[in-house]
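Here the structure comes first, spelled out in structure tokens, and everything after it is commentary.
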Amino acid sequence: MERRTFIRTMGAGAAALVLGSLTAPGRTSAGAASDYVVSCFGDSTTWGANGEASGGGMDIAWPGRLKEKMGFREVYNFGKKGSRLAVTAERKDSFVERLDQVLAKPADLFLVLGGVNDFQHDVPLGSVGEEDTHTVCGAVRHIIEGILTRYPDRKLIFLTPMKNNFQHPTKHYPGSFDKNAQGLIQADYAAAIRKICDYYSVPVIDLYAESGISPFLPAQQKRYMPDGLHYSEAGYERLAERIGGELRRFL
């Protein structure tokens with residue numbers, strides 16, 4: 001039966017329900033969202049660093065704003081400034097090394113946003129079959145397997161790291177389109193994350209390509225990304241809107 005004919009044979013209330021489901025198949029009801037506990041696993045841009053002297057903090061970060069916008073019951077912020085996805089010799093707070101801390105807090109949804117520090121600090125990429133957690137591919141694989149082995153019925157979504165044009169006061173870091181010491185640009189790191197997620201059928205929100213905020217537009221950088229990497233309060237607000245919009249497809 002043709003869709004219009006089918007709807008004409010129904011009562012107005014039933015037809016409205018059908019039209020609602022046809023026009024918004026991925027929509028999350030407020031009731032469903034209010035049941036969610038969400039774990040946000042990230043680096044300084046999850047913690048809430050603002051690139052200014054005040055430093056920022058979790059009170060302005062996107063996880064807290066996402067809680068308000070989506071109506072989640074609880075949101076944990078596991079952001080750590082400077083954290084890499086992969087294990088490195090100079091630090092002990094990579095995503096791999098902090099994974100047990102995240103797993104100790106059961107959640108319905110895990111959001112993982114990282115990789116810009118791996119790019120800026122020249123971490124090797126590795127390959128799809130990589131198990132070495134000193135590489136980005138090996139680290140992402142370890143994180144995915146760790147979360148979904150402990151919580152196989154929960155939702156896991158990765159977010160690629162947003163573009164950067166970091167203006168550090170004393171050090172030089174590569175911007176998104178500069179090559180690092182590995183001879184790679186930031187897009188290579190975003191692609192590696194997507195590739196490992198594809199292998200495990202883990203959804204990805206591609207903030208690298210579609211955050212809606214560019215550090216290469218002076219007006220947007222001034223308003224949303226004071227130092228070209230970290231976000232202002234307005235920047236985190238806009239970022240939370242972007243992430244929330246994408247999440248409605250998956251919940």
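Each chain of the structure tokens is named A, B, ... in the order shown, its residues numbered from 1; ligands are numbered from 1 in display order.
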- Task: Would you mind writing down, as a PyMOL selection string, each residue of segment 9-171 of chain A that DSSP on the backbone assigns to helix (DSSP H, G or I)?
- Result: chain A and resi 12-23+30-33+44-47+62-70+95-103+116-120+136-150
- Message: Taking 4 positions as the minimum chain separation for residues in the same chain, which residues sit within 8 Å of Phe177 of chain A when counting only C-alpha atoms? Answer as an MDAnalysis selection string.
- Response: chainID A and resid 185:187
- Task: DSSP on the backbone, then: every residue of segment 3-161 of chain A marked strand (DSSP E), written as a PyMOL selection string.
- Result: chain A and resi 37-42+74-79+109-113+155-159
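Straight-line separation from atom CA of His142 of chain A to atom CA of Phe78 of chain A: 17.2 Å.
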- Between A:Asp122, A:Ile143, A:Gly212, A:Val136, which one has atoms that come closest to Lys163 of chain A, using only C-alpha atoms?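 Ranking A:Asp122, A:Ile143, A:Gly212, A:Val136 by distance to Lys163 of chain A, first place goes to A:Gly212.
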- Query: Which one is closest to Cys197 of chain A: A:Gln220, A:Ser44, A:Thr160, A:Gln120? Count only C-alpha atoms.
  - Reply: A:Thr160
Closest atom pairs, segment 128-240 of chain A residues within 7 Å of segment 88-109 of chain A, only C-alpha atoms, as a tab-separated table:
residue	atom	partner	partner_atom	distance
A:His134	CA	A:Thr88	CA	6.2
A:Ala139	CA	A:Val96	CA	6.2
A:Ile143	CA	A:Val96	CA	6.5
A:Ile147	CA	A:Leu103	CA	6.8
A:Arg154	CA	A:Asp108	CA	5.3
A:Lys155	CA	A:Leu109	CA	4.7
A:Leu156	CA	A:Leu109	CA	5.8
- Message: When you count only C-alpha atoms, which of these residues is closest to Phe119 of chain A: A:Ala240, A:Ala192, A:Val38, A:Val202?
- Response: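 Going through A:Ala240, A:Ala192, A:Val38, A:Val202 one by one, the smallest distance to Phe119 of chain A is for A:Ala192.
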- Give me, please, the distance in Å between atom CA of Leu239 of chain A and atom CA of Trp62 of chain A, quoted to one decimal. 6.5 Å
- Query: Nearest to His121 of chain A among A:Tyr173, A:Tyr151, A:Phe158, A:Phe166, with distances taken over only C-alpha atoms: which residue is it?
  - Reply: A:Tyr173
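The interatomic distance for the pair atom CA of Thr170 of chain A and atom CA of Arg84 of chain A works out to 20.6 Å.
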